[in-house]
$ cat target.txt   # compact mmCIF, C-alpha atoms
# COMPACT_ATOMS: atom_id res chain seq x y z
CA MET R 1 -4.05 26.06 30.60
CA LEU R 2 -1.89 23.48 28.88
CA SER R 3 1.39 22.20 30.26
CA THR R 4 4.66 24.08 29.81
CA THR R 5 7.18 21.27 29.94
CA ALA R 6 10.18 21.46 27.60
CA ARG R 7 8.64 19.17 25.02
CA THR R 8 5.27 20.88 24.99
CA THR R 9 6.69 24.39 24.63
CA LEU R 10 7.24 25.47 21.03
CA ARG R 11 10.71 26.80 20.34
CA ARG R 12 9.98 27.84 16.74
CA SER R 13 6.84 29.20 15.04
CA LYS R 14 5.65 30.23 18.48
CA ASP R 15 2.66 32.01 16.95
CA ARG R 16 1.22 28.57 16.18
CA ALA R 17 1.12 27.52 19.82
CA ARG R 18 -2.17 27.41 21.70
CA THR R 19 -2.14 27.31 25.45
CA ASP R 20 -5.82 26.93 26.28
CA ARG R 21 -7.01 23.49 27.32
CA ALA R 22 -10.25 24.09 25.38
CA ASP R 23 -8.25 24.06 22.12
CA LEU R 24 -6.87 20.63 23.04
CA TYR R 25 -10.36 19.28 23.74
CA ALA R 26 -11.75 20.74 20.49
CA ILE R 27 -9.04 19.11 18.36
CA LEU R 28 -9.33 15.74 20.10
CA ASP R 29 -13.13 15.75 20.02
CA ALA R 30 -13.20 16.52 16.27
CA GLY R 31 -10.99 13.55 15.34
CA LEU R 32 -11.68 9.96 14.41
CA VAL R 33 -8.27 8.32 14.70
CA CYS R 34 -5.05 9.33 16.40
CA HIS R 35 -1.50 8.27 15.65
CA LEU R 36 -0.07 6.42 18.64
CA GLY R 37 3.70 6.41 19.00
CA VAL R 38 5.29 3.66 21.06
CA LEU R 39 8.77 2.29 21.45
CA ALA R 40 8.92 -1.32 20.22
CA GLY R 41 12.14 -3.27 19.97
CA GLY R 42 14.27 -0.15 20.16
CA SER R 43 12.44 1.63 17.35
CA PRO R 44 9.52 4.03 17.29
CA MET R 45 6.29 2.59 15.90
CA VAL R 46 3.42 4.85 14.80
CA ILE R 47 -0.01 3.23 14.63
CA PRO R 48 -3.28 4.81 13.52
CA THR R 49 -5.93 3.87 16.05
CA ALA R 50 -9.32 4.89 17.42
CA TYR R 51 -9.60 6.79 20.69
CA GLY R 52 -12.04 8.52 22.97
CA ARG R 53 -11.86 11.20 25.65
CA ILE R 54 -13.43 11.48 29.07
CA GLY R 55 -12.44 14.68 30.83
CA ASP R 56 -8.68 14.76 31.02
CA THR R 57 -8.15 11.13 30.07
CA LEU R 58 -7.71 9.67 26.61
CA TYR R 59 -8.76 6.06 26.07
CA LEU R 60 -7.40 3.67 23.45
CA HIS R 61 -8.35 0.08 22.90
CA GLY R 62 -7.13 -2.90 20.98
CA SER R 63 -6.63 -6.61 20.97
CA THR R 64 -4.85 -7.88 24.07
CA GLY R 65 -2.41 -9.47 21.61
CA ALA R 66 -1.55 -6.28 19.73
CA THR R 67 2.18 -5.52 19.65
CA SER R 68 1.57 -1.79 19.82
CA LEU R 69 -0.63 -1.86 22.93
CA ARG R 70 1.66 -4.28 24.73
CA ALA R 71 4.61 -2.02 23.94
CA ALA R 72 2.67 0.97 25.26
CA LEU R 73 1.77 -0.36 28.70
CA GLY R 74 3.54 1.45 31.50
CA ALA R 75 5.81 3.03 28.95
CA PRO R 76 6.09 6.58 27.59
CA VAL R 77 3.88 7.12 24.56
CA CYS R 78 2.90 10.03 22.35
CA VAL R 79 -0.55 10.41 20.84
CA THR R 80 -1.03 12.88 18.00
CA VAL R 81 -4.28 14.01 16.40
CA THR R 82 -4.03 16.10 13.24
CA HIS R 83 -6.63 17.89 11.15
CA LEU R 84 -5.52 19.14 7.74
CA ASP R 85 -7.39 22.27 6.72
CA GLY R 86 -5.61 23.29 3.54
CA VAL R 87 -2.46 23.64 1.53
CA VAL R 88 -0.75 27.02 1.78
CA LEU R 89 0.58 28.12 -1.59
CA ALA R 90 3.24 30.77 -1.34
CA ARG R 91 5.19 32.73 -3.94
CA SER R 92 8.36 30.86 -2.95
CA ALA R 93 8.85 27.13 -2.52
CA PHE R 94 10.33 27.76 0.92
CA HIS R 95 7.16 29.28 2.35
CA HIS R 96 4.80 26.55 1.23
CA SER R 97 2.98 25.10 4.20
CA VAL R 98 -0.24 23.51 5.38
CA ASN R 99 -3.03 24.86 7.51
CA TYR R 100 -3.73 22.41 10.28
CA ARG R 101 -4.77 21.85 13.85
CA SER R 102 -2.79 19.29 15.80
CA ALA R 103 -2.54 18.05 19.35
CA MET R 104 0.28 16.01 20.85
CA VAL R 105 -0.15 14.23 24.17
CA TYR R 106 2.76 12.72 26.12
CA GLY R 107 2.55 10.37 29.05
CA LEU R 108 2.73 6.89 30.47
CA ALA R 109 0.10 4.52 29.13
CA ARG R 110 -1.86 2.82 31.88
CA LEU R 111 -3.69 -0.50 31.46
CA VAL R 112 -7.23 -0.03 32.74
CA ASP R 113 -8.23 -2.81 35.14
CA ASP R 114 -11.35 -1.48 36.80
CA PRO R 115 -14.39 -3.00 35.02
CA GLU R 116 -16.40 0.22 35.22
CA GLU R 117 -13.60 2.34 33.81
CA ARG R 118 -12.96 -0.28 31.13
CA LEU R 119 -16.59 -0.11 30.00
CA ALA R 120 -16.58 3.71 30.11
CA GLY R 121 -13.39 3.75 28.04
CA LEU R 122 -14.82 1.39 25.44
CA ARG R 123 -17.95 3.50 25.29
CA ALA R 124 -15.88 6.66 24.78
CA VAL R 125 -13.93 5.05 21.91
CA THR R 126 -17.10 3.82 20.20
CA GLU R 127 -18.92 7.13 20.65
CA GLN R 128 -15.94 9.04 19.24
CA LEU R 129 -16.14 6.96 16.05
CA ALA R 130 -19.90 6.99 15.88
CA PRO R 131 -21.86 9.15 18.35
CA GLY R 132 -25.11 7.53 19.37
CA GLN R 133 -24.08 3.99 18.52
CA TRP R 134 -23.40 2.76 22.04
CA ASP R 135 -27.09 2.89 22.91
CA ALA R 136 -28.12 1.37 19.56
CA VAL R 137 -26.01 -1.77 19.32
CA ARG R 138 -25.24 -4.98 21.20
CA LEU R 139 -22.77 -4.14 23.95
CA PRO R 140 -19.56 -6.12 24.57
CA ASP R 141 -20.07 -9.47 26.23
CA ARG R 142 -17.67 -11.04 28.70
CA LYS R 143 -15.58 -12.76 26.03
CA GLU R 144 -15.23 -9.61 23.93
CA THR R 145 -14.36 -7.52 26.96
CA ALA R 146 -11.69 -10.01 27.99
CA ALA R 147 -10.13 -9.91 24.53
CA THR R 148 -9.89 -6.12 24.56
CA ALA R 149 -7.17 -4.12 26.25
CA VAL R 150 -8.27 -0.65 27.36
CA VAL R 151 -5.46 1.83 27.82
CA ALA R 152 -5.65 5.26 29.46
CA LEU R 153 -3.43 8.27 28.90
CA SER R 154 -3.61 11.45 30.98
CA LEU R 155 -3.99 14.71 29.05
CA GLU R 156 -1.83 16.46 31.63
CA GLU R 157 1.13 16.96 29.30
CA ALA R 158 0.02 18.13 25.87
CA SER R 159 0.71 20.74 23.24
CA VAL R 160 -1.49 22.23 20.55
CA LYS R 161 -0.38 23.78 17.29
CA VAL R 162 -2.59 25.60 14.81
CA ARG R 163 -1.72 27.24 11.51
CA GLN R 164 -4.36 29.29 9.75
CA GLY R 165 -4.54 31.95 7.11
CA PRO R 166 -2.65 32.99 3.98
CA PRO R 167 1.01 32.36 3.16
CA LYS R 168 3.71 34.50 4.72
CA ASP R 169 6.10 35.37 1.93
CA ASP R 170 9.31 37.32 2.08
CA GLU R 171 8.52 41.00 1.64
CA GLU R 172 10.38 41.22 -1.69
CA ASP R 173 8.43 38.28 -3.14
CA TYR R 174 4.99 39.90 -2.93
CA ASP R 175 5.63 41.59 -6.30
CA LEU R 176 6.21 38.28 -8.10
CA PRO R 177 3.56 37.40 -10.69
CA VAL R 178 2.74 34.18 -8.83
CA TRP R 179 -0.72 33.21 -7.55
CA ALA R 180 -0.68 32.73 -3.79
CA GLY R 181 -3.31 31.71 -1.29
CA VAL R 182 -4.84 28.66 0.33
CA LEU R 183 -6.39 25.58 -1.25
CA PRO R 184 -8.77 24.44 1.49
CA LEU R 185 -9.47 20.80 2.31
CA THR R 186 -12.88 19.64 3.44
CA VAL R 187 -13.82 16.32 4.97
CA SER R 188 -17.44 15.30 4.61
CA TRP R 189 -19.64 12.29 5.19
CA GLY R 190 -21.05 10.45 2.20
CA ALA R 191 -24.40 8.68 2.03
CA PRO R 192 -24.60 5.69 4.39
CA GLU R 193 -23.88 2.40 2.59
CA PRO R 194 -26.03 -0.40 3.99
CA ASP R 195 -24.42 -3.74 4.77
CA PRO R 196 -25.43 -6.14 1.94
CA ARG R 197 -26.65 -8.46 4.68
CA LEU R 198 -28.84 -5.80 6.32
CA ALA R 199 -32.29 -7.21 7.09
CA PRO R 200 -35.10 -5.50 5.14
CA GLY R 201 -37.05 -2.68 6.76
CA ILE R 202 -34.31 -1.28 9.00
CA PRO R 203 -33.98 2.46 8.30
CA VAL R 204 -30.81 4.51 8.71
CA PRO R 205 -31.11 6.02 12.21
CA PRO R 206 -30.84 9.83 12.46
CA HIS R 207 -27.59 9.75 14.44
CA ILE R 208 -25.97 8.12 11.39
CA GLY R 209 -27.92 9.63 8.52
CA ASN R 210 -27.82 13.20 9.83
CA ARG R 211 -24.31 13.11 11.19
CA GLN R 212 -22.67 16.49 10.96
CA PRO R 213 -19.09 16.92 9.86
CA ARG R 214 -16.91 17.83 12.80
CA LEU R 215 -13.60 17.54 11.07
CA MET A 1 6.91 -7.21 -3.09
CA LEU A 2 7.03 -5.59 0.32
CA SER A 3 9.37 -6.68 3.10
CA THR A 4 8.58 -9.60 5.38
CA THR A 5 10.45 -8.63 8.52
CA ALA A 6 8.84 -9.40 11.88
CA ARG A 7 7.49 -5.89 12.32
CA THR A 8 6.09 -5.62 8.81
CA THR A 9 4.29 -8.96 8.90
CA LEU A 10 0.77 -8.79 10.29
CA ARG A 11 0.08 -11.27 13.04
CA ARG A 12 -3.62 -10.44 13.35
CA SER A 13 -6.25 -9.40 10.78
CA LYS A 14 -3.99 -10.87 8.14
CA ASP A 15 -6.65 -10.28 5.48
CA ARG A 16 -5.85 -6.57 5.78
CA ALA A 17 -2.22 -7.00 4.74
CA ARG A 18 -1.08 -5.99 1.27
CA THR A 19 2.20 -7.28 -0.02
CA ASP A 20 2.50 -5.47 -3.35
CA ARG A 21 4.88 -2.54 -3.49
CA ALA A 22 2.41 -0.73 -5.80
CA ASP A 23 -0.05 -0.50 -2.89
CA LEU A 24 2.63 1.21 -0.80
CA TYR A 25 3.32 3.74 -3.56
CA ALA A 26 -0.39 4.42 -4.11
CA ILE A 27 -1.00 5.17 -0.42
CA LEU A 28 2.08 7.36 -0.07
CA ASP A 29 1.41 9.24 -3.30
CA ALA A 30 -2.18 10.01 -2.29
CA GLY A 31 -1.19 11.63 1.00
CA LEU A 32 -0.35 15.15 2.08
CA VAL A 33 1.24 14.69 5.48
CA CYS A 34 2.72 11.71 7.26
CA HIS A 35 3.15 11.09 10.97
CA LEU A 36 6.84 10.79 11.78
CA GLY A 37 7.76 8.82 14.90
CA VAL A 38 11.12 9.50 16.51
CA LEU A 39 12.66 8.73 19.86
CA ALA A 40 13.39 11.98 21.72
CA GLY A 41 14.63 12.07 25.29
CA GLY A 42 13.61 8.48 25.93
CA SER A 43 10.05 8.97 24.74
CA PRO A 44 8.37 8.49 21.38
CA MET A 45 7.37 11.72 19.61
CA VAL A 46 4.88 11.72 16.75
CA ILE A 47 4.97 14.75 14.44
CA PRO A 48 2.73 15.49 11.46
CA THR A 49 4.94 16.63 8.61
CA ALA A 50 5.10 16.95 4.84
CA TYR A 51 6.91 14.39 2.72
CA GLY A 52 7.64 13.38 -0.84
CA ARG A 53 8.67 10.19 -2.61
CA ILE A 54 11.23 9.50 -5.33
CA GLY A 55 11.33 5.83 -6.28
CA ASP A 56 12.05 3.87 -3.13
CA THR A 57 13.09 6.84 -1.02
CA LEU A 58 10.91 9.04 1.14
CA TYR A 59 12.03 12.62 1.76
CA LEU A 60 11.16 14.79 4.74
CA HIS A 61 12.29 18.32 5.42
CA GLY A 62 12.29 20.79 8.24
CA SER A 63 14.17 23.51 10.00
CA THR A 64 17.73 22.52 10.87
CA GLY A 65 16.77 23.49 14.42
CA ALA A 66 13.74 21.20 14.69
CA THR A 67 13.90 18.81 17.65
CA SER A 68 12.12 16.07 15.71
CA LEU A 69 14.48 16.08 12.73
CA ARG A 70 17.57 16.26 14.91
CA ALA A 71 16.27 13.30 16.92
CA ALA A 72 15.63 11.39 13.68
CA LEU A 73 19.08 11.64 12.14
CA GLY A 74 20.89 8.34 12.00
CA ALA A 75 18.27 6.89 14.30
CA PRO A 76 15.42 4.43 13.78
CA VAL A 77 12.21 6.16 12.77
CA CYS A 78 8.74 5.13 11.68
CA VAL A 79 6.72 7.06 9.13
CA THR A 80 2.99 6.35 8.86
CA VAL A 81 0.55 7.62 6.24
CA THR A 82 -3.14 6.97 6.84
CA HIS A 83 -6.22 7.57 4.72
CA LEU A 84 -9.57 7.25 6.47
CA ASP A 85 -12.27 6.05 4.11
CA GLY A 86 -15.22 5.53 6.40
CA VAL A 87 -16.61 4.45 9.73
CA VAL A 88 -17.77 0.83 9.88
CA LEU A 89 -20.99 0.52 11.85
CA ALA A 90 -21.63 -2.98 13.09
CA ARG A 91 -24.51 -4.55 14.99
CA SER A 92 -22.25 -4.97 18.03
CA ALA A 93 -19.98 -2.38 19.64
CA PHE A 94 -17.10 -4.86 19.46
CA HIS A 95 -17.12 -5.04 15.66
CA HIS A 96 -17.13 -1.30 15.02
CA SER A 97 -14.17 -0.33 12.91
CA VAL A 98 -12.90 2.06 10.28
CA ASN A 99 -12.17 1.59 6.62
CA TYR A 100 -8.70 2.87 5.89
CA ARG A 101 -5.53 2.53 3.90
CA SER A 102 -2.29 2.90 5.84
CA ALA A 103 1.40 2.49 5.20
CA MET A 104 4.13 2.19 7.82
CA VAL A 105 7.78 2.62 6.89
CA TYR A 106 10.65 1.70 9.22
CA GLY A 107 14.27 2.62 8.82
CA LEU A 108 17.21 4.77 9.72
CA ALA A 109 16.80 8.42 8.80
CA ARG A 110 19.70 9.74 6.73
CA LEU A 111 20.66 13.41 6.49
CA VAL A 112 20.97 14.31 2.82
CA ASP A 113 24.22 16.15 2.10
CA ASP A 114 24.52 16.02 -1.65
CA PRO A 115 23.24 19.34 -3.08
CA GLU A 116 21.53 17.69 -6.04
CA GLU A 117 19.72 15.15 -3.89
CA ARG A 118 18.80 17.90 -1.42
CA LEU A 119 17.14 19.92 -4.18
CA ALA A 120 15.41 16.84 -5.60
CA GLY A 121 14.13 16.01 -2.12
CA LEU A 122 12.79 19.51 -1.54
CA ARG A 123 11.15 19.42 -4.94
CA ALA A 124 9.50 16.09 -4.11
CA VAL A 125 8.13 17.45 -0.82
CA THR A 126 6.76 20.59 -2.48
CA GLU A 127 5.24 18.68 -5.39
CA GLN A 128 3.58 16.22 -3.02
CA LEU A 129 1.84 19.12 -1.27
CA ALA A 130 1.08 21.00 -4.45
CA PRO A 131 1.81 19.34 -7.79
CA GLY A 132 2.97 21.85 -10.40
CA GLN A 133 4.12 24.47 -7.92
CA TRP A 134 7.86 23.84 -8.17
CA ASP A 135 7.94 25.21 -11.71
CA ALA A 136 5.66 28.13 -10.84
CA VAL A 137 7.33 29.70 -7.80
CA ARG A 138 10.62 31.18 -6.67
CA LEU A 139 12.95 28.31 -5.84
CA PRO A 140 14.95 28.12 -2.59
CA ASP A 141 17.94 30.45 -2.42
CA ARG A 142 21.20 29.64 -0.69
CA LYS A 143 20.07 30.94 2.68
CA GLU A 144 16.79 29.03 2.61
CA THR A 145 18.51 25.83 1.51
CA ALA A 146 21.04 26.15 4.32
CA ALA A 147 18.27 26.56 6.89
CA THR A 148 16.49 23.41 5.72
CA ALA A 149 17.40 19.88 6.72
CA VAL A 150 16.48 17.26 4.12
CA VAL A 151 16.12 13.74 5.47
CA ALA A 152 15.83 10.51 3.48
CA LEU A 153 14.24 7.23 4.49
CA SER A 154 14.43 4.06 2.44
CA LEU A 155 11.15 2.34 1.63
CA GLU A 156 12.83 -1.04 1.92
CA GLU A 157 11.05 -2.02 5.13
CA ALA A 158 7.37 -1.18 4.99
CA SER A 159 3.95 -2.64 5.61
CA VAL A 160 0.57 -1.78 4.16
CA LYS A 161 -2.83 -2.37 5.73
CA VAL A 162 -6.18 -1.84 4.07
CA ARG A 163 -9.66 -2.38 5.45
CA GLN A 164 -12.60 -2.10 3.07
CA GLY A 165 -16.20 -3.18 2.91
CA PRO A 166 -19.08 -3.78 5.31
CA PRO A 167 -18.90 -4.78 8.97
CA LYS A 168 -18.20 -8.35 9.93
CA ASP A 169 -20.61 -9.19 12.68
CA ASP A 170 -20.91 -12.37 14.70
CA GLU A 171 -23.20 -14.75 12.84
CA GLU A 172 -25.88 -14.65 15.56
CA ASP A 173 -26.01 -10.84 15.48
CA TYR A 174 -27.16 -10.51 11.87
CA ASP A 175 -30.76 -10.97 13.03
CA LEU A 176 -30.62 -7.97 15.38
CA PRO A 177 -32.83 -5.03 14.36
CA VAL A 178 -29.80 -2.73 14.14
CA TRP A 179 -28.80 -0.74 11.06
CA ALA A 180 -25.31 -1.73 9.90
CA GLY A 181 -23.10 -0.55 7.11
CA VAL A 182 -20.46 2.04 6.32
CA LEU A 183 -20.57 5.81 6.66
CA PRO A 184 -18.04 6.90 4.03
CA LEU A 185 -15.66 9.83 4.45
CA THR A 186 -14.68 12.02 1.54
CA VAL A 187 -11.90 14.56 1.37
CA SER A 188 -12.29 17.27 -1.24
CA TRP A 189 -10.66 20.53 -2.26
CA GLY A 190 -12.56 23.75 -1.72
CA ALA A 191 -12.37 26.84 -3.90
CA PRO A 192 -8.91 28.46 -3.86
CA GLU A 193 -8.75 31.37 -1.39
CA PRO A 194 -6.53 34.14 -2.74
CA ASP A 195 -3.98 35.73 -0.42
CA PRO A 196 -5.38 39.15 0.61
CA ARG A 197 -2.10 40.61 -0.62
CA LEU A 198 -2.34 38.97 -4.05
CA ALA A 199 -1.54 41.50 -6.80
CA PRO A 200 -4.49 42.21 -9.11
CA GLY A 201 -4.78 40.34 -12.39
CA ILE A 202 -3.12 37.07 -11.35
CA PRO A 203 -5.48 34.20 -12.17
CA VAL A 204 -5.61 30.87 -10.34
CA PRO A 205 -3.40 28.56 -12.40
CA PRO A 206 -5.01 25.30 -13.65
CA HIS A 207 -2.75 23.06 -11.55
CA ILE A 208 -4.30 24.68 -8.46
CA GLY A 209 -7.82 25.45 -9.64
CA ASN A 210 -8.41 22.10 -11.31
CA ARG A 211 -6.65 19.97 -8.75
CA GLN A 212 -8.25 16.57 -8.47
CA PRO A 213 -8.82 14.90 -5.14
CA ARG A 214 -6.41 12.03 -4.69
CA LEU A 215 -7.23 11.26 -1.09
$ encode --input "target.txt" --output "structure tokens"
Amino acid sequence: MLSTTARTTLRRSKDRARTDRADLYAILDAGLVCHLGVLAGGSPMVIPTAYGRIGDTLYLHGSTGATSLRAALGAPVCVTVTHLDGVVLARSAFHHSVNYRSAMVYGLARLVDDPEERLAGLRAVTEQLAPGQWDAVRLPDRKETAATAVVALSLEEASVKVRQGPPKDDEEDYDLPVWAGVLPLTVSWGAPEPDPRLAPGIPVPPHIGNRQPRL
Amino acid sequence: MLSTTARTTLRRSKDRARTDRADLYAILDAGLVCHLGVLAGGSPMVIPTAYGRIGDTLYLHGSTGATSLRAALGAPVCVTVTHLDGVVLARSAFHHSVNYRSAMVYGLARLVDDPEERLAGLRAVTEQLAPGQWDAVRLPDRKETAATAVVALSLEEASVKVRQGPPKDDEEDYDLPVWAGVLPLTVSWGAPEPDPRLAPGIPVPPHIGNRQPRL
């Protein structure tokens, strides 16, 4: 079950709330980037960034010099992952909406010091972006590892919201001669585009060429 | 030209910075939802939400009871819009990346009081989600308008980041027998799904059925 703190309990549109931890995992695991919210210089700052998950821990990474990661360390942060599934077209402007799946995670960001956990975190971030790549590429050397901050966030406090299905119009509006329904959005992978500097004779590996959409 | 305040001037990966205001408009106009960062109860909160643009003002809307909008009013906020264009697959784990276009806007959120600006803001938000709908549907009545908070954010302080093209590997890694390139992501509209309660004989209007992808 997900947490039931004040900020993870929906007060409105309660039918959109999900309380099962499996829904949180599914939304996080289907994403490519999250939006990380930190407090920097007295103002919120929202940064799109890669992430990965191991069990109930989310990992982020970035340059040790990045303003956003430095602002996050030891401080409260919010990480949001959103999938847009369609635009909901109602008979009234007021009831227009979007179908989506979103997860919000709150917590204190922790700088990962342990070398093993650092490597596991980096692997999780890489594998989230491109499953199968960690075992196919040159792994981080000492210099690269030193230049990268790995940050962990517990999934203890999180909320999940999902909207699906047709518009909900006011009862008296259903007779209006207005088309209503959902215009679905699909995210798909295109054909792999080889690096112009790719050496001849290197085929696209199956984990890239046959990658299935999971958005 | 875009602003050159400390927080909108890139300190790293400077080649990703765009300084033309037209790039900001293009990224905002191509989006469907933004991620709004507010400070709520001492912690950042990042909420996916609809938006619209009129000139150099961004409009958001929401229930007058929404925690996020109430926390935003008169306070510093950050609005981020991100388009993911592909996963960048390098020969080393370290140089993995994503191709993206993102805009970050900083400012004080202002509650819109003027009835004309409120309506224009609501129209902009609806038209951003579904161009052509405002003239096709029942417009907000007095009760709906009263229940909706319209919030404005100036586009004065904003930054734009774009990453395109193939991976940039370390020179000595180009000889590795590892496939490298970009796996592009495409977002497309599916076939319109009529509301099960749609009255018979109402066709899909062209502005919905022929909608072009702009993501």
$ residues_around --input "target.txt" --residues "R:Gly165" --least-positions-apart "5" --cutoff "10 Å" --atoms "all atoms listed in the file" --output "list in words"
Gly86, Val88, Val98, Asn99, Gly181 and Val182 of chain R; Glu193, Asp195 and Pro196 of chain A
$ atom_distance --input "target.txt" --atom1 "atom CA of A:Leu111" --atom2 "atom CA of A:Ala26"
25.2 Å
$ residues_around --input "target.txt" --residues "stretch 197-202 of chain A" --least-positions-apart "2" --cutoff "9 Å" --atoms "all atoms listed in the file" --output "PDB file with C-alpha atoms, in the coordinates of the input"
ATOM      1  CA  PRO R 166      -2.650  32.990   3.980  1.00  0.00           C
ATOM      2  CA  TYR R 174       4.990  39.900  -2.930  1.00  0.00           C
ATOM      3  CA  ASP R 175       5.630  41.590  -6.300  1.00  0.00           C
ATOM      4  CA  LEU R 176       6.210  38.280  -8.100  1.00  0.00           C
ATOM      5  CA  PRO R 177       3.560  37.400 -10.690  1.00  0.00           C
ATOM      6  CA  VAL R 178       2.740  34.180  -8.830  1.00  0.00           C
ATOM      7  CA  TRP R 179      -0.720  33.210  -7.550  1.00  0.00           C
ATOM      8  CA  ALA R 180      -0.680  32.730  -3.790  1.00  0.00           C
ATOM      9  CA  GLY R 181      -3.310  31.710  -1.290  1.00  0.00           C
TER      10      GLY R 181
ATOM     11  CA  PRO A 194      -6.530  34.140  -2.740  1.00  0.00           C
ATOM     12  CA  ASP A 195      -3.980  35.730  -0.420  1.00  0.00           C
ATOM     13  CA  VAL A 204      -5.610  30.870 -10.340  1.00  0.00           C
ATOM     14  CA  PRO A 205      -3.400  28.560 -12.400  1.00  0.00           C
TER      15      PRO A 205
END
$ residues_around --input "target.txt" --residues "R:Gly132" --least-positions-apart "3" --cutoff "9 Å" --atoms "all atoms listed in the file" --output "PyMOL selection string"
chain R and resi 126-127+135-136+207-208
$ residues_around --input "target.txt" --residues "R:Pro115" --least-positions-apart "5" --cutoff "10 Å" --atoms "only C-alpha atoms" --output "mmCIF file with C-alpha atoms, keeping the file's coordinate frame"
data_model
loop_
_atom_site.group_PDB
_atom_site.id
_atom_site.type_symbol
_atom_site.label_atom_id
_atom_site.label_comp_id
_atom_site.auth_asym_id
_atom_site.auth_seq_id
_atom_site.Cartn_x
_atom_site.Cartn_y
_atom_site.Cartn_z
ATOM 1 C CA ALA R 120 -16.580 3.710 30.110
ATOM 2 C CA GLY R 121 -13.390 3.750 28.040
ATOM 3 C CA THR R 145 -14.360 -7.520 26.960
#
$ atom_distance --input "target.txt" --atom1 "atom CA of A:Leu73" --atom2 "atom CA of A:Asp113"
12.1 Å
$ closest_atom_pairs --input "target.txt" --of "chain R" --to "chain A" --cutoff "6 Å" --atoms "only C-alpha atoms" --output "Markdown table"
| residue | atom | partner | partner_atom | distance |
| --- | --- | --- | --- | --- |
| R:Gly37 | CA | A:Pro44 | CA | 5.6 |
| R:Val38 | CA | A:Pro44 | CA | 5.7 |
| R:Ser43 | CA | A:Pro76 | CA | 5.4 |
| R:Pro44 | CA | A:Gly37 | CA | 5.6 |
| R:Met45 | CA | A:Cys78 | CA | 5.5 |
| R:Val46 | CA | A:Gly37 | CA | 5.9 |
| R:Pro76 | CA | A:Ser43 | CA | 5.4 |
| R:Val77 | CA | A:Pro44 | CA | 5.7 |
| R:Cys78 | CA | A:Met45 | CA | 5.5 |
| R:Arg91 | CA | A:Val137 | CA | 5.4 |
| R:Ser92 | CA | A:Arg138 | CA | 4.4 |
| R:Ala93 | CA | A:Leu139 | CA | 5.4 |
| R:Phe94 | CA | A:Pro140 | CA | 5.8 |
| R:Val137 | CA | A:Ser92 | CA | 5.1 |
| R:Arg138 | CA | A:Ser92 | CA | 4.4 |
| R:Leu139 | CA | A:Ala93 | CA | 5.4 |
| R:Pro140 | CA | A:Phe94 | CA | 5.8 |
| R:Pro166 | CA | A:Asp195 | CA | 5.4 |
| R:Trp179 | CA | A:Ile202 | CA | 5.9 |
| R:Ala180 | CA | A:Asp195 | CA | 5.6 |
| R:Gly181 | CA | A:Asp195 | CA | 4.2 |
| R:Val182 | CA | A:Glu193 | CA | 5.1 |
| R:Leu183 | CA | A:Pro192 | CA | 4.6 |
| R:Pro184 | CA | A:Gly190 | CA | 5.0 |
| R:Leu185 | CA | A:Trp189 | CA | 4.7 |
| R:Thr186 | CA | A:Ser188 | CA | 5.3 |
| R:Val187 | CA | A:Val187 | CA | 4.4 |
| R:Ser188 | CA | A:Thr186 | CA | 5.3 |
| R:Trp189 | CA | A:Leu185 | CA | 4.7 |
| R:Gly190 | CA | A:Pro184 | CA | 5.0 |
| R:Pro192 | CA | A:Leu183 | CA | 4.6 |
| R:Glu193 | CA | A:Val182 | CA | 5.1 |
| R:Pro194 | CA | A:Gly181 | CA | 4.3 |
| R:Asp195 | CA | A:Gly181 | CA | 4.2 |
| R:Ile202 | CA | A:Trp179 | CA | 5.9 |
$ atom_distance --input "target.txt" --atom1 "atom CA of R:Leu60" --atom2 "atom CA of R:Asp114"
14.8 Å
$ residues_around --input "target.txt" --residues "R:Tyr59" --least-positions-apart "6" --cutoff "7 Å" --atoms "all atoms listed in the file" --output "list in words"
Tyr51, Gly52, Arg53, Gly121, Val125, Val150, Val151, Ala152 and Leu153 of chain R
$ axis_aligned_box --input "target.txt" --around "stretch 49-59 of chain R" --padding-each-side "4 Å" --output "lines of an AutoDock Vina configuration file"
center_x = -9.7
center_y = 9.3
center_z = 23.5
size_x = 15.5
size_y = 18.9
size_z = 23.0
$ closest_residue --input "target.txt" --among "A:Asn210, A:Ser159, A:Thr57, A:Gln128" --to "A:Leu10" --atoms "all atoms listed in the file"
A:Ser159
$ closest_residue --input "target.txt" --among "R:Gly31, R:Ala149, R:Thr5, R:Arg101" --to "R:Thr64" --atoms "only C-alpha atoms"
R:Ala149
$ closest_residue --input "target.txt" --among "A:Ile54, A:Thr4, A:Asp169, A:Lys143" --to "A:Asp20" --atoms "all atoms listed in the file"
A:Thr4
